[in-house]
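Reviewing the structure listed below.
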Amino acid sequence: MASMESLEDVLQEEVKDLYDAEKQLTKALPKLAKKATADALKDALESHLRETERHVARLEQVFEHLEMPVRGKKCTGMKNLLSEGADMIGDAEDDAARDAVMIAAAQKVEHYEIASYGSVRTWANVLGKTEVAELLGETLEEEKAADEKLTGIAESFVNEAAAESADEMPVRGRSAARMPRRHAAADRSRARGSRSR
Ligand SMILES: [Fe+2]
Ligand SMILES: [Fe+2]
């Protein structure tokens, strides 16, 4: 990591980190959208891809204002969030469950971005870099809106459908999910039988 001696250094490093994070997202979002089942989720991911492309362009303006070369540095936070999300999505065998974990993974990404943009905007303000702070603030608001939209989708139907479609999340490799579904069904009918007796 480059040495960070001042708030200006910290701002520059975080902007480089965000640039790489947004670039990673422009590659990940189309893959996610393809795997989404619910139309509302697919639409939200596709429209956030277009926003993410604007976030990349806005950061390029930030580089210009800060008189820095347009160059990112590997954002390991985003890399790990995306790889954890991909693992969970890959393990979900049911469409509704997959959509639910996809929303969770996307929201973790949004929260990461919200934290980072919030910090850099504050630092830019403290340093008196008003134009930079405004650019970062515009993206920050779009990240918050994307997060709220995902909450709305989750609340409206996806999580409900996931809960209805199976007793447990059909996720491989988790001890709670090991019981085959037909056994779970048999257990349910036994439970009903014992209640009616
Ligand atoms: Fe973004
Ligand atoms: Fe985002």
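Residues in the structure tokens are numbered from 1 in each chain, the chains being A, B, ... in the order shown, and ligands are numbered from 1 in the order shown.
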Alpha helix (DSSP H) call set, DSSP backbone run, region 1-151 of chain A, as a VMD selection string: chain A and resid 7 to 35 39 to 65 76 to 91 95 to 126 130 to 151
Surroundings of ligand 1 up to 7 Å, based on only C-alpha atoms and all ligand atoms, as an MDAnalysis selection string: chainID A and resid 22 51:52 55 113 139 143
Check every protein, DNA and RNA residue against ligand 2, keep those with an atom at most 10 Å away (counting only C-alpha atoms and all ligand atoms), and present them as a PyMOL selection string. chain A and resi 21-22+25-26+29+45+48-49+51-53+55+106-114+139-147
Please save N, CA, C and O atoms of the selected residues as a CSV table (one decimal), in the first residue's frame.
chain,number,residue,atom,x,y,z
A,21,ALA,N,-13.4,-1.2,-7.4
A,21,ALA,CA,-14.6,-1.9,-6.9
A,21,ALA,C,-15.7,-1.7,-8.0
A,21,ALA,O,-16.4,-2.7,-8.3
A,22,GLU,N,-15.9,-0.5,-8.5
A,22,GLU,CA,-17.0,-0.2,-9.5
A,22,GLU,C,-16.7,-1.0,-10.8
A,22,GLU,O,-17.6,-1.5,-11.4
A,25,LEU,N,-17.7,-4.5,-10.4
A,25,LEU,CA,-19.1,-4.6,-10.4
A,25,LEU,C,-19.7,-4.6,-11.8
A,25,LEU,O,-20.7,-5.3,-12.1
A,26,THR,N,-19.1,-3.8,-12.7
A,26,THR,CA,-19.6,-3.7,-14.0
A,26,THR,C,-19.4,-5.1,-14.7
A,26,THR,O,-20.2,-5.4,-15.6
A,29,LEU,N,-22.3,-7.6,-12.4
A,29,LEU,CA,-23.8,-7.4,-12.4
A,29,LEU,C,-24.4,-8.1,-13.6
A,29,LEU,O,-25.5,-8.6,-13.4
A,45,LEU,N,-31.1,-5.2,-11.2
A,45,LEU,CA,-29.7,-5.4,-11.5
A,45,LEU,C,-29.2,-4.8,-12.8
A,45,LEU,O,-28.1,-4.2,-12.8
A,48,HIS,N,-29.1,-1.1,-12.3
A,48,HIS,CA,-27.9,-0.7,-11.5
A,48,HIS,C,-26.6,-0.8,-12.2
A,48,HIS,O,-25.6,-0.1,-11.9
A,49,LEU,N,-26.6,-1.7,-13.2
A,49,LEU,CA,-25.4,-1.9,-14.0
A,49,LEU,C,-25.2,-0.5,-14.8
A,49,LEU,O,-24.1,0.0,-14.8
A,51,GLU,N,-26.2,2.4,-13.9
A,51,GLU,CA,-25.8,3.4,-12.9
A,51,GLU,C,-24.3,3.2,-12.5
A,51,GLU,O,-23.6,4.2,-12.4
A,52,THR,N,-23.9,1.9,-12.4
A,52,THR,CA,-22.5,1.6,-12.0
A,52,THR,C,-21.6,2.1,-13.1
A,52,THR,O,-20.5,2.6,-12.8
A,53,GLU,N,-22.0,2.0,-14.4
A,53,GLU,CA,-21.2,2.6,-15.4
A,53,GLU,C,-21.0,4.1,-15.3
A,53,GLU,O,-19.9,4.7,-15.5
A,55,HIS,N,-21.1,5.6,-12.4
A,55,HIS,CA,-20.2,5.8,-11.2
A,55,HIS,C,-18.8,5.7,-11.6
A,55,HIS,O,-17.9,6.4,-11.1
A,106,ALA,N,-26.2,-8.6,-3.2
A,106,ALA,CA,-26.2,-7.3,-3.8
A,106,ALA,C,-26.2,-6.2,-2.8
A,106,ALA,O,-25.6,-5.2,-2.9
A,107,GLN,N,-27.0,-6.5,-1.7
A,107,GLN,CA,-27.1,-5.5,-0.6
A,107,GLN,C,-25.9,-5.3,0.2
A,107,GLN,O,-25.5,-4.2,0.6
A,108,LYS,N,-25.1,-6.4,0.3
A,108,LYS,CA,-23.8,-6.3,1.0
A,108,LYS,C,-22.9,-5.4,0.2
A,108,LYS,O,-22.2,-4.6,0.7
A,109,VAL,N,-22.9,-5.6,-1.1
A,109,VAL,CA,-22.1,-4.8,-2.0
A,109,VAL,C,-22.5,-3.3,-1.9
A,109,VAL,O,-21.7,-2.4,-1.8
A,110,GLU,N,-23.8,-3.0,-1.9
A,110,GLU,CA,-24.3,-1.7,-1.8
A,110,GLU,C,-23.9,-1.0,-0.5
A,110,GLU,O,-23.4,0.1,-0.4
A,111,HIS,N,-24.0,-1.8,0.6
A,111,HIS,CA,-23.6,-1.2,1.9
A,111,HIS,C,-22.1,-0.9,1.9
A,111,HIS,O,-21.7,0.0,2.5
A,112,TYR,N,-21.3,-1.8,1.3
A,112,TYR,CA,-19.8,-1.5,1.2
A,112,TYR,C,-19.6,-0.2,0.5
A,112,TYR,O,-18.8,0.6,0.9
A,113,GLU,N,-20.3,-0.1,-0.7
A,113,GLU,CA,-20.1,1.2,-1.4
A,113,GLU,C,-20.6,2.4,-0.7
A,113,GLU,O,-20.0,3.5,-0.7
A,114,ILE,N,-21.8,2.2,0.0
A,114,ILE,CA,-22.3,3.4,0.8
A,114,ILE,C,-21.3,3.8,1.9
A,114,ILE,O,-21.0,5.0,2.0
A,139,THR,N,-23.2,9.9,-6.4
A,139,THR,CA,-23.1,8.4,-6.5
A,139,THR,C,-23.7,7.8,-5.2
A,139,THR,O,-24.4,6.8,-5.2
A,140,LEU,N,-23.3,8.4,-4.0
A,140,LEU,CA,-23.7,7.9,-2.7
A,140,LEU,C,-25.2,7.8,-2.7
A,140,LEU,O,-25.8,6.8,-2.3
A,141,GLU,N,-25.9,8.8,-3.2
A,141,GLU,CA,-27.4,8.8,-3.2
A,141,GLU,C,-27.9,7.7,-4.1
A,141,GLU,O,-28.9,7.0,-3.8
A,142,GLU,N,-27.3,7.4,-5.2
A,142,GLU,CA,-27.7,6.4,-6.1
A,142,GLU,C,-27.5,5.0,-5.5
A,142,GLU,O,-28.3,4.1,-5.7
A,143,GLU,N,-26.4,4.8,-4.7
A,143,GLU,CA,-26.2,3.6,-4.0
A,143,GLU,C,-27.2,3.3,-3.0
A,143,GLU,O,-27.8,2.2,-2.8
A,144,LYS,N,-27.6,4.4,-2.3
A,144,LYS,CA,-28.6,4.2,-1.2
A,144,LYS,C,-30.0,3.9,-1.9
A,144,LYS,O,-30.7,3.0,-1.3
A,145,ALA,N,-30.3,4.5,-3.0
A,145,ALA,CA,-31.5,4.2,-3.7
A,145,ALA,C,-31.6,2.8,-4.2
A,145,ALA,O,-32.6,2.1,-4.1
A,146,ALA,N,-30.4,2.3,-4.7
A,146,ALA,CA,-30.3,0.9,-5.2
A,146,ALA,C,-30.6,-0.1,-4.0
A,146,ALA,O,-31.3,-1.1,-4.2
A,147,ASP,N,-30.0,0.3,-2.9
A,147,ASP,CA,-30.1,-0.6,-1.7
A,147,ASP,C,-31.6,-0.7,-1.3
A,147,ASP,O,-32.1,-1.7,-1.0
What lies within 12 Å of region 58-72 of chain A using only C-alpha atoms, ignoring chain neighbours under 4 positions off, as a PyMOL selection string? chain A and resi 8-9+11-24+51-54+76+117+120-121+124+127-140
Output the selection as a compact mmCIF listing (two decimals), in the first residue's frame - N, CA and C atoms for each residue.
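Output file part-v4.txt follows:
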# COMPACT_ATOMS: atom_id res chain seq x y z
N GLU A 8 -5.40 13.86 2.42
CA GLU A 8 -5.40 13.90 0.95
C GLU A 8 -4.93 12.54 0.39
N ASP A 9 -3.88 11.97 1.00
CA ASP A 9 -3.39 10.64 0.58
C ASP A 9 -4.48 9.59 0.78
N LEU A 11 -7.69 10.02 0.90
CA LEU A 11 -8.75 10.24 -0.10
C LEU A 11 -8.34 9.63 -1.44
N GLN A 12 -7.12 9.89 -1.85
CA GLN A 12 -6.66 9.37 -3.14
C GLN A 12 -6.66 7.85 -3.16
N GLU A 13 -6.20 7.23 -2.08
CA GLU A 13 -6.15 5.76 -2.02
C GLU A 13 -7.55 5.17 -2.08
N GLU A 14 -8.48 5.78 -1.35
CA GLU A 14 -9.84 5.25 -1.31
C GLU A 14 -10.55 5.44 -2.66
N VAL A 15 -10.25 6.53 -3.34
CA VAL A 15 -10.84 6.75 -4.67
C VAL A 15 -10.34 5.68 -5.65
N LYS A 16 -9.06 5.33 -5.54
CA LYS A 16 -8.50 4.28 -6.40
C LYS A 16 -9.15 2.93 -6.10
N ASP A 17 -9.39 2.69 -4.81
CA ASP A 17 -10.03 1.46 -4.36
C ASP A 17 -11.46 1.38 -4.91
N LEU A 18 -12.19 2.50 -4.81
CA LEU A 18 -13.57 2.55 -5.30
C LEU A 18 -13.63 2.36 -6.82
N TYR A 19 -12.66 2.91 -7.51
CA TYR A 19 -12.64 2.79 -8.97
C TYR A 19 -12.54 1.32 -9.36
N ASP A 20 -11.66 0.61 -8.69
CA ASP A 20 -11.53 -0.82 -8.98
C ASP A 20 -12.79 -1.58 -8.56
N ALA A 21 -13.37 -1.20 -7.41
CA ALA A 21 -14.60 -1.85 -6.94
C ALA A 21 -15.71 -1.69 -7.97
N GLU A 22 -15.89 -0.49 -8.49
CA GLU A 22 -16.95 -0.24 -9.48
C GLU A 22 -16.67 -1.01 -10.77
N LYS A 23 -15.42 -1.08 -11.15
CA LYS A 23 -15.06 -1.83 -12.37
C LYS A 23 -15.39 -3.32 -12.19
N GLN A 24 -15.08 -3.85 -11.01
CA GLN A 24 -15.41 -5.26 -10.74
C GLN A 24 -16.91 -5.47 -10.86
N GLU A 51 -26.23 2.39 -13.89
CA GLU A 51 -25.80 3.38 -12.89
C GLU A 51 -24.32 3.19 -12.54
N THR A 52 -23.94 1.93 -12.41
CA THR A 52 -22.55 1.63 -12.04
C THR A 52 -21.58 2.14 -13.11
N GLU A 53 -22.00 2.04 -14.37
CA GLU A 53 -21.15 2.60 -15.44
C GLU A 53 -21.01 4.11 -15.28
N ARG A 54 -22.08 4.76 -14.82
CA ARG A 54 -22.00 6.20 -14.55
C ARG A 54 -21.09 6.48 -13.34
N THR A 76 -9.82 -5.51 -2.53
CA THR A 76 -10.02 -6.89 -2.05
C THR A 76 -11.36 -7.03 -1.33
N TYR A 117 -18.26 5.51 -0.12
CA TYR A 117 -18.59 6.83 -0.68
C TYR A 117 -18.88 7.85 0.41
N VAL A 120 -15.38 8.96 1.69
CA VAL A 120 -14.61 9.83 0.78
C VAL A 120 -15.29 11.19 0.60
N ARG A 121 -16.62 11.19 0.61
CA ARG A 121 -17.30 12.47 0.48
C ARG A 121 -16.98 13.36 1.69
N ALA A 124 -13.48 14.67 1.35
CA ALA A 124 -13.40 15.71 0.32
C ALA A 124 -13.94 17.03 0.87
N LEU A 127 -11.50 18.60 3.24
CA LEU A 127 -10.36 19.16 2.50
C LEU A 127 -10.76 20.36 1.63
N GLY A 128 -12.05 20.71 1.68
CA GLY A 128 -12.53 21.86 0.91
C GLY A 128 -12.66 21.59 -0.58
N LYS A 129 -12.70 20.31 -0.96
CA LYS A 129 -12.84 19.94 -2.38
C LYS A 129 -14.32 19.73 -2.68
N THR A 130 -15.02 20.86 -2.81
CA THR A 130 -16.47 20.83 -2.92
C THR A 130 -16.97 20.08 -4.15
N GLU A 131 -16.34 20.33 -5.30
CA GLU A 131 -16.82 19.66 -6.52
C GLU A 131 -16.66 18.15 -6.43
N VAL A 132 -15.54 17.73 -5.87
CA VAL A 132 -15.30 16.29 -5.68
C VAL A 132 -16.35 15.71 -4.73
N ALA A 133 -16.60 16.44 -3.65
CA ALA A 133 -17.60 15.98 -2.67
C ALA A 133 -18.97 15.86 -3.31
N GLU A 134 -19.30 16.80 -4.19
CA GLU A 134 -20.61 16.74 -4.86
C GLU A 134 -20.71 15.53 -5.79
N LEU A 135 -19.67 15.28 -6.54
CA LEU A 135 -19.68 14.11 -7.44
C LEU A 135 -19.84 12.82 -6.63
N LEU A 136 -19.09 12.71 -5.55
CA LEU A 136 -19.15 11.50 -4.72
C LEU A 136 -20.52 11.38 -4.05
N GLY A 137 -21.09 12.54 -3.67
CA GLY A 137 -22.40 12.55 -3.04
C GLY A 137 -23.52 12.09 -3.98
N GLU A 138 -23.39 12.43 -5.27
CA GLU A 138 -24.39 11.99 -6.25
C GLU A 138 -24.40 10.46 -6.34
N THR A 139 -23.21 9.88 -6.41
CA THR A 139 -23.14 8.41 -6.47
C THR A 139 -23.65 7.80 -5.17
N LEU A 140 -23.26 8.41 -4.05
CA LEU A 140 -23.72 7.90 -2.74
C LEU A 140 -25.25 7.79 -2.70
Give me the residues within 10 Å of Phe157 (chain A) as a PyMOL selection string, counting only C-alpha atoms and dropping any in the same chain fewer than 3 places off. chain A and resi 38+40+96+100+152-154+160-162
Could you write out the selected residues, including N, CA and C atoms, as a compact mmCIF listing (two decimals), in the first residue's frame?
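Okay, selection-v4.txt is ready:
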# COMPACT_ATOMS: atom_id res chain seq x y z
N ALA A 38 -36.75 -13.63 -10.80
CA ALA A 38 -37.82 -12.63 -10.72
C ALA A 38 -37.49 -11.44 -11.64
N ALA A 40 -38.48 -8.36 -11.52
CA ALA A 40 -38.17 -7.12 -10.80
C ALA A 40 -36.70 -7.10 -10.38
N ALA A 96 -36.36 -19.31 -6.10
CA ALA A 96 -36.71 -18.24 -5.15
C ALA A 96 -35.60 -18.06 -4.12
N ALA A 100 -33.31 -14.77 -3.42
CA ALA A 100 -33.17 -14.20 -2.08
C ALA A 100 -31.69 -14.01 -1.71
N GLY A 152 -37.05 -3.39 -1.05
CA GLY A 152 -38.44 -3.44 -1.50
C GLY A 152 -38.74 -4.74 -2.24
N ILE A 153 -37.84 -5.15 -3.10
CA ILE A 153 -38.05 -6.39 -3.86
C ILE A 153 -38.07 -7.58 -2.91
N ALA A 154 -37.11 -7.59 -1.98
CA ALA A 154 -37.05 -8.71 -1.02
C ALA A 154 -38.33 -8.77 -0.20
N GLU A 160 -40.49 -14.23 0.77
CA GLU A 160 -41.70 -14.99 1.06
C GLU A 160 -41.75 -16.28 0.23
N ALA A 161 -41.46 -16.14 -1.06
CA ALA A 161 -41.48 -17.29 -1.95
C ALA A 161 -40.45 -18.32 -1.52
N ALA A 162 -39.30 -17.85 -1.08
CA ALA A 162 -38.24 -18.77 -0.66
C ALA A 162 -38.69 -19.55 0.57
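Of the residues under consideration (A:Asp94, A:Glu84, A:Glu5, A:Asp99), A:Asp99 shows the shortest atom-to-atom contact distance to Ala36 (chain A) when counting only C-alpha atoms.
Across the structure, CA of Met102 (chain A) and CA of Glu155 (chain A) are spaced 13.7 Å apart.
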